Amino acid sequence: MADTGGVKSEDTPFEGGPMDGRVLPVLVGPTGNPPKTYRIPVPDAAGGPPIVLVYRRVPRGHSKRLGLPRGWKYEFDPEGESGPRLKWPWSRPAPRTGPQGKPGDTDG
């Protein structure tokens, strides 16, 4: 691990995208896990707004007996979306895009 002073970090491999094959020290949180998403701003050569590369945390492997993750790695997310939204119990359901009504209903 790299020396980061009093802050803990973990050498984490990156797969896919421009960072493929690189291993970077990533800061870990209080639980000892790296963040779920890792965003890397890349400056634009023309001086425009930076492009943001998004990587998602996935398990490197699982232990045989309990199936616990044996470490983490980051995989490139080409869409770069923020991921699934939290579903709170008091949230409204998303509107349906298909035909309205129950199956078997007729318009006649």
# chains A, B, ... in the order shown; residues from 1 in each chain; ligands from 1
call {"tool": "residues_around", "arguments": {"residues": "A:Glu10", "least_positions_apart": "4", "cutoff": "7 Å", "atoms": "only C-alpha atoms", "output": "PDB file with C-alpha atoms, in the first residue's frame"}}
result
ATOM      1  CA  MET A   1       0.000   0.000   0.000  1.00  0.00           C
ATOM      2  CA  PRO A  25      -4.370   3.597  -4.171  1.00  0.00           C
ATOM      3  CA  VAL A  26      -8.012   4.362  -3.327  1.00  0.00           C
ATOM      4  CA  LEU A  27      -9.034   5.751   0.057  1.00  0.00           C
ATOM      5  CA  VAL A  28     -11.238   3.407   2.074  1.00  0.00           C
TER       6      VAL A  28
END
call {"tool": "residues_around", "arguments": {"residues": "stretch 56-60 of chain A", "least_positions_apart": "3", "cutoff": "9 Å", "atoms": "only C-alpha atoms", "output": "PDB file with all heavy atoms, in the first residue's frame"}}
result
ATOM      1  N   PRO A  34     -13.696   0.544  -0.336  1.00  0.00           N
ATOM      2  CA  PRO A  34     -13.580   1.733  -1.185  1.00  0.00           C
ATOM      3  C   PRO A  34     -14.972   2.205  -1.606  1.00  0.00           C
ATOM      4  O   PRO A  34     -15.952   1.468  -1.460  1.00  0.00           O
ATOM      5  CB  PRO A  34     -12.762   1.240  -2.380  1.00  0.00           C
ATOM      6  CG  PRO A  34     -12.911  -0.231  -2.393  1.00  0.00           C
ATOM      7  CD  PRO A  34     -13.187  -0.651  -0.988  1.00  0.00           C
ATOM      8  N   PRO A  35     -15.110   3.418  -2.145  1.00  0.00           N
ATOM      9  CA  PRO A  35     -16.423   3.914  -2.555  1.00  0.00           C
ATOM     10  C   PRO A  35     -17.025   3.071  -3.676  1.00  0.00           C
ATOM     11  O   PRO A  35     -16.311   2.429  -4.444  1.00  0.00           O
ATOM     12  CB  PRO A  35     -16.153   5.344  -3.023  1.00  0.00           C
ATOM     13  CG  PRO A  35     -14.696   5.472  -3.133  1.00  0.00           C
ATOM     14  CD  PRO A  35     -14.054   4.388  -2.360  1.00  0.00           C
ATOM     15  N   LYS A  36     -18.370   3.074  -3.790  1.00  0.00           N
ATOM     16  CA  LYS A  36     -19.058   2.277  -4.808  1.00  0.00           C
ATOM     17  C   LYS A  36     -18.790   2.791  -6.216  1.00  0.00           C
ATOM     18  O   LYS A  36     -18.758   2.011  -7.161  1.00  0.00           O
ATOM     19  CB  LYS A  36     -20.560   2.259  -4.541  1.00  0.00           C
ATOM     20  CG  LYS A  36     -20.916   1.467  -3.315  1.00  0.00           C
ATOM     21  CD  LYS A  36     -22.405   1.411  -3.119  1.00  0.00           C
ATOM     22  CE  LYS A  36     -22.720   0.599  -1.879  1.00  0.00           C
ATOM     23  NZ  LYS A  36     -24.144   0.501  -1.643  1.00  0.00           N
ATOM     24  N   THR A  37     -18.651   4.097  -6.372  1.00  0.00           N
ATOM     25  CA  THR A  37     -18.313   4.664  -7.679  1.00  0.00           C
ATOM     26  C   THR A  37     -17.059   5.508  -7.530  1.00  0.00           C
ATOM     27  O   THR A  37     -16.831   6.128  -6.496  1.00  0.00           O
ATOM     28  CB  THR A  37     -19.448   5.541  -8.241  1.00  0.00           C
ATOM     29  OG1 THR A  37     -19.746   6.569  -7.315  1.00  0.00           O
ATOM     30  CG2 THR A  37     -20.692   4.730  -8.530  1.00  0.00           C
ATOM     31  N   TYR A  38     -16.253   5.510  -8.577  1.00  0.00           N
ATOM     32  CA  TYR A  38     -15.024   6.291  -8.594  1.00  0.00           C
ATOM     33  C   TYR A  38     -15.057   7.139  -9.853  1.00  0.00           C
ATOM     34  O   TYR A  38     -15.130   6.613 -10.961  1.00  0.00           O
ATOM     35  CB  TYR A  38     -13.813   5.349  -8.601  1.00  0.00           C
ATOM     36  CG  TYR A  38     -12.511   6.014  -8.253  1.00  0.00           C
ATOM     37  CD1 TYR A  38     -12.164   6.252  -6.940  1.00  0.00           C
ATOM     38  CD2 TYR A  38     -11.616   6.388  -9.247  1.00  0.00           C
ATOM     39  CE1 TYR A  38     -10.959   6.847  -6.606  1.00  0.00           C
ATOM     40  CE2 TYR A  38     -10.408   6.983  -8.922  1.00  0.00           C
ATOM     41  CZ  TYR A  38     -10.090   7.207  -7.605  1.00  0.00           C
ATOM     42  OH  TYR A  38      -8.904   7.808  -7.284  1.00  0.00           O
ATOM     43  N   ARG A  39     -15.065   8.445  -9.689  1.00  0.00           N
ATOM     44  CA  ARG A  39     -15.157   9.372 -10.827  1.00  0.00           C
ATOM     45  C   ARG A  39     -13.801  10.025 -11.035  1.00  0.00           C
ATOM     46  O   ARG A  39     -13.206  10.531 -10.104  1.00  0.00           O
ATOM     47  CB  ARG A  39     -16.213  10.427 -10.558  1.00  0.00           C
ATOM     48  CG  ARG A  39     -17.584   9.838 -10.373  1.00  0.00           C
ATOM     49  CD  ARG A  39     -18.603  10.917 -10.031  1.00  0.00           C
ATOM     50  NE  ARG A  39     -19.849  10.342  -9.596  1.00  0.00           N
ATOM     51  CZ  ARG A  39     -20.750   9.795 -10.392  1.00  0.00           C
ATOM     52  NH1 ARG A  39     -20.534   9.749 -11.667  1.00  0.00           N
ATOM     53  NH2 ARG A  39     -21.864   9.293  -9.896  1.00  0.00           N
ATOM     54  N   PRO A  69     -16.869 -11.250  -0.300  1.00  0.00           N
ATOM     55  CA  PRO A  69     -15.943 -10.673  -1.286  1.00  0.00           C
ATOM     56  C   PRO A  69     -14.501 -10.742  -0.789  1.00  0.00           C
ATOM     57  O   PRO A  69     -14.216 -10.466   0.370  1.00  0.00           O
ATOM     58  CB  PRO A  69     -16.393  -9.226  -1.427  1.00  0.00           C
ATOM     59  CG  PRO A  69     -17.681  -9.108  -0.720  1.00  0.00           C
ATOM     60  CD  PRO A  69     -17.846 -10.290   0.153  1.00  0.00           C
ATOM     61  N   ARG A  70     -13.575 -11.097  -1.681  1.00  0.00           N
ATOM     62  CA  ARG A  70     -12.160 -11.212  -1.323  1.00  0.00           C
ATOM     63  C   ARG A  70     -11.375  -9.967  -1.722  1.00  0.00           C
ATOM     64  O   ARG A  70     -10.164 -10.016  -1.793  1.00  0.00           O
ATOM     65  CB  ARG A  70     -11.549 -12.423  -2.002  1.00  0.00           C
ATOM     66  CG  ARG A  70     -12.231 -13.686  -1.622  1.00  0.00           C
ATOM     67  CD  ARG A  70     -11.456 -14.841  -2.105  1.00  0.00           C
ATOM     68  NE  ARG A  70     -10.811 -15.405  -0.921  1.00  0.00           N
ATOM     69  CZ  ARG A  70      -9.788 -16.210  -0.949  1.00  0.00           C
ATOM     70  NH1 ARG A  70      -9.248 -16.524  -2.076  1.00  0.00           N
ATOM     71  NH2 ARG A  70      -9.287 -16.677   0.158  1.00  0.00           N
ATOM     72  N   GLY A  71     -12.019  -8.906  -1.989  1.00  0.00           N
ATOM     73  CA  GLY A  71     -11.366  -7.680  -2.415  1.00  0.00           C
ATOM     74  C   GLY A  71     -12.244  -7.015  -3.461  1.00  0.00           C
ATOM     75  O   GLY A  71     -13.283  -7.541  -3.863  1.00  0.00           O
ATOM     76  N   TRP A  72     -11.823  -5.853  -3.907  1.00  0.00           N
ATOM     77  CA  TRP A  72     -12.631  -5.088  -4.846  1.00  0.00           C
ATOM     78  C   TRP A  72     -11.796  -4.676  -6.044  1.00  0.00           C
ATOM     79  O   TRP A  72     -10.575  -4.572  -5.972  1.00  0.00           O
ATOM     80  CB  TRP A  72     -13.196  -3.846  -4.169  1.00  0.00           C
ATOM     81  CG  TRP A  72     -14.020  -4.165  -2.967  1.00  0.00           C
ATOM     82  CD1 TRP A  72     -13.620  -4.097  -1.667  1.00  0.00           C
ATOM     83  CD2 TRP A  72     -15.360  -4.626  -2.948  1.00  0.00           C
ATOM     84  NE1 TRP A  72     -14.649  -4.477  -0.838  1.00  0.00           N
ATOM     85  CE2 TRP A  72     -15.733  -4.808  -1.595  1.00  0.00           C
ATOM     86  CE3 TRP A  72     -16.307  -4.883  -3.930  1.00  0.00           C
ATOM     87  CZ2 TRP A  72     -16.995  -5.247  -1.221  1.00  0.00           C
ATOM     88  CZ3 TRP A  72     -17.564  -5.323  -3.547  1.00  0.00           C
ATOM     89  CH2 TRP A  72     -17.898  -5.494  -2.209  1.00  0.00           C
ATOM     90  N   LYS A  73     -12.481  -4.416  -7.151  1.00  0.00           N
ATOM     91  CA  LYS A  73     -11.879  -3.835  -8.339  1.00  0.00           C
ATOM     92  C   LYS A  73     -12.912  -2.887  -8.931  1.00  0.00           C
ATOM     93  O   LYS A  73     -14.083  -2.902  -8.547  1.00  0.00           O
ATOM     94  CB  LYS A  73     -11.476  -4.915  -9.349  1.00  0.00           C
ATOM     95  CG  LYS A  73     -12.650  -5.692  -9.922  1.00  0.00           C
ATOM     96  CD  LYS A  73     -12.161  -6.761 -10.873  1.00  0.00           C
ATOM     97  CE  LYS A  73     -13.341  -7.575 -11.390  1.00  0.00           C
ATOM     98  NZ  LYS A  73     -12.928  -8.625 -12.303  1.00  0.00           N
ATOM     99  N   TYR A  74     -12.479  -2.047  -9.837  1.00  0.00           N
ATOM    100  CA  TYR A  74     -13.380  -1.109 -10.493  1.00  0.00           C
ATOM    101  C   TYR A  74     -13.501  -1.474 -11.957  1.00  0.00           C
ATOM    102  O   TYR A  74     -12.505  -1.755 -12.625  1.00  0.00           O
ATOM    103  CB  TYR A  74     -12.867   0.330 -10.362  1.00  0.00           C
ATOM    104  CG  TYR A  74     -13.099   0.930  -8.999  1.00  0.00           C
ATOM    105  CD1 TYR A  74     -12.069   1.060  -8.092  1.00  0.00           C
ATOM    106  CD2 TYR A  74     -14.357   1.366  -8.629  1.00  0.00           C
ATOM    107  CE1 TYR A  74     -12.288   1.608  -6.842  1.00  0.00           C
ATOM    108  CE2 TYR A  74     -14.585   1.910  -7.380  1.00  0.00           C
ATOM    109  CZ  TYR A  74     -13.545   2.036  -6.498  1.00  0.00           C
ATOM    110  OH  TYR A  74     -13.772   2.574  -5.264  1.00  0.00           O
ATOM    111  N   GLU A  75     -14.756  -1.494 -12.467  1.00  0.00           N
ATOM    112  CA  GLU A  75     -15.022  -1.738 -13.881  1.00  0.00           C
ATOM    113  C   GLU A  75     -15.569  -0.458 -14.490  1.00  0.00           C
ATOM    114  O   GLU A  75     -16.359   0.257 -13.881  1.00  0.00           O
ATOM    115  CB  GLU A  75     -16.019  -2.877 -14.061  1.00  0.00           C
ATOM    116  CG  GLU A  75     -15.437  -4.226 -13.758  1.00  0.00           C
ATOM    117  CD  GLU A  75     -16.402  -5.362 -14.044  1.00  0.00           C
ATOM    118  OE1 GLU A  75     -17.590  -5.099 -14.349  1.00  0.00           O
ATOM    119  OE2 GLU A  75     -15.974  -6.521 -13.960  1.00  0.00           O
ATOM    120  N   PHE A  76     -15.179  -0.193 -15.732  1.00  0.00           N
ATOM    121  CA  PHE A  76     -15.571   1.013 -16.441  1.00  0.00           C
ATOM    122  C   PHE A  76     -17.055   0.994 -16.746  1.00  0.00           C
ATOM    123  O   PHE A  76     -17.610  -0.024 -17.179  1.00  0.00           O
ATOM    124  CB  PHE A  76     -14.764   1.126 -17.730  1.00  0.00           C
ATOM    125  CG  PHE A  76     -15.057   2.363 -18.533  1.00  0.00           C
ATOM    126  CD1 PHE A  76     -14.815   3.615 -18.013  1.00  0.00           C
ATOM    127  CD2 PHE A  76     -15.562   2.272 -19.814  1.00  0.00           C
ATOM    128  CE1 PHE A  76     -15.069   4.755 -18.740  1.00  0.00           C
ATOM    129  CE2 PHE A  76     -15.816   3.405 -20.557  1.00  0.00           C
ATOM    130  CZ  PHE A  76     -15.573   4.647 -20.022  1.00  0.00           C
ATOM    131  N   ASP A  77     -17.738   2.114 -16.522  1.00  0.00           N
ATOM    132  CA  ASP A  77     -19.154   2.278 -16.835  1.00  0.00           C
ATOM    133  C   ASP A  77     -19.257   3.296 -17.964  1.00  0.00           C
ATOM    134  O   ASP A  77     -19.161   4.498 -17.726  1.00  0.00           O
ATOM    135  CB  ASP A  77     -19.914   2.758 -15.602  1.00  0.00           C
ATOM    136  CG  ASP A  77     -21.406   2.881 -15.845  1.00  0.00           C
ATOM    137  OD1 ASP A  77     -21.887   2.452 -16.905  1.00  0.00           O
ATOM    138  OD2 ASP A  77     -22.099   3.418 -14.961  1.00  0.00           O
TER     139      ASP A  77
END
call {"tool": "closest_residue", "arguments": {"among": "A:Gly80, A:Pro89, A:Gly21, A:Gly61", "to": "A:Ile40", "atoms": "only C-alpha atoms"}}
result
A:Gly80
call {"tool": "residues_around", "arguments": {"residues": "A:Pro30", "least_positions_apart": "6", "cutoff": "12 Å", "atoms": "only C-alpha atoms", "output": "list in words"}}
result
Val7, Lys8 and Ser9 of chain A
call {"tool": "atom_distance", "arguments": {"atom1": "atom CA of A:Pro78", "atom2": "atom CA of A:Gly47"}}
result
22.3 Å
call {"tool": "atom_distance", "arguments": {"atom1": "atom CA of A:Gly6", "atom2": "atom CA of A:Asn33"}}
result
16.3 Å
call {"tool": "atom_distance", "arguments": {"atom1": "atom CA of A:Gly32", "atom2": "atom CA of A:Gly16"}}
result
24.2 Å
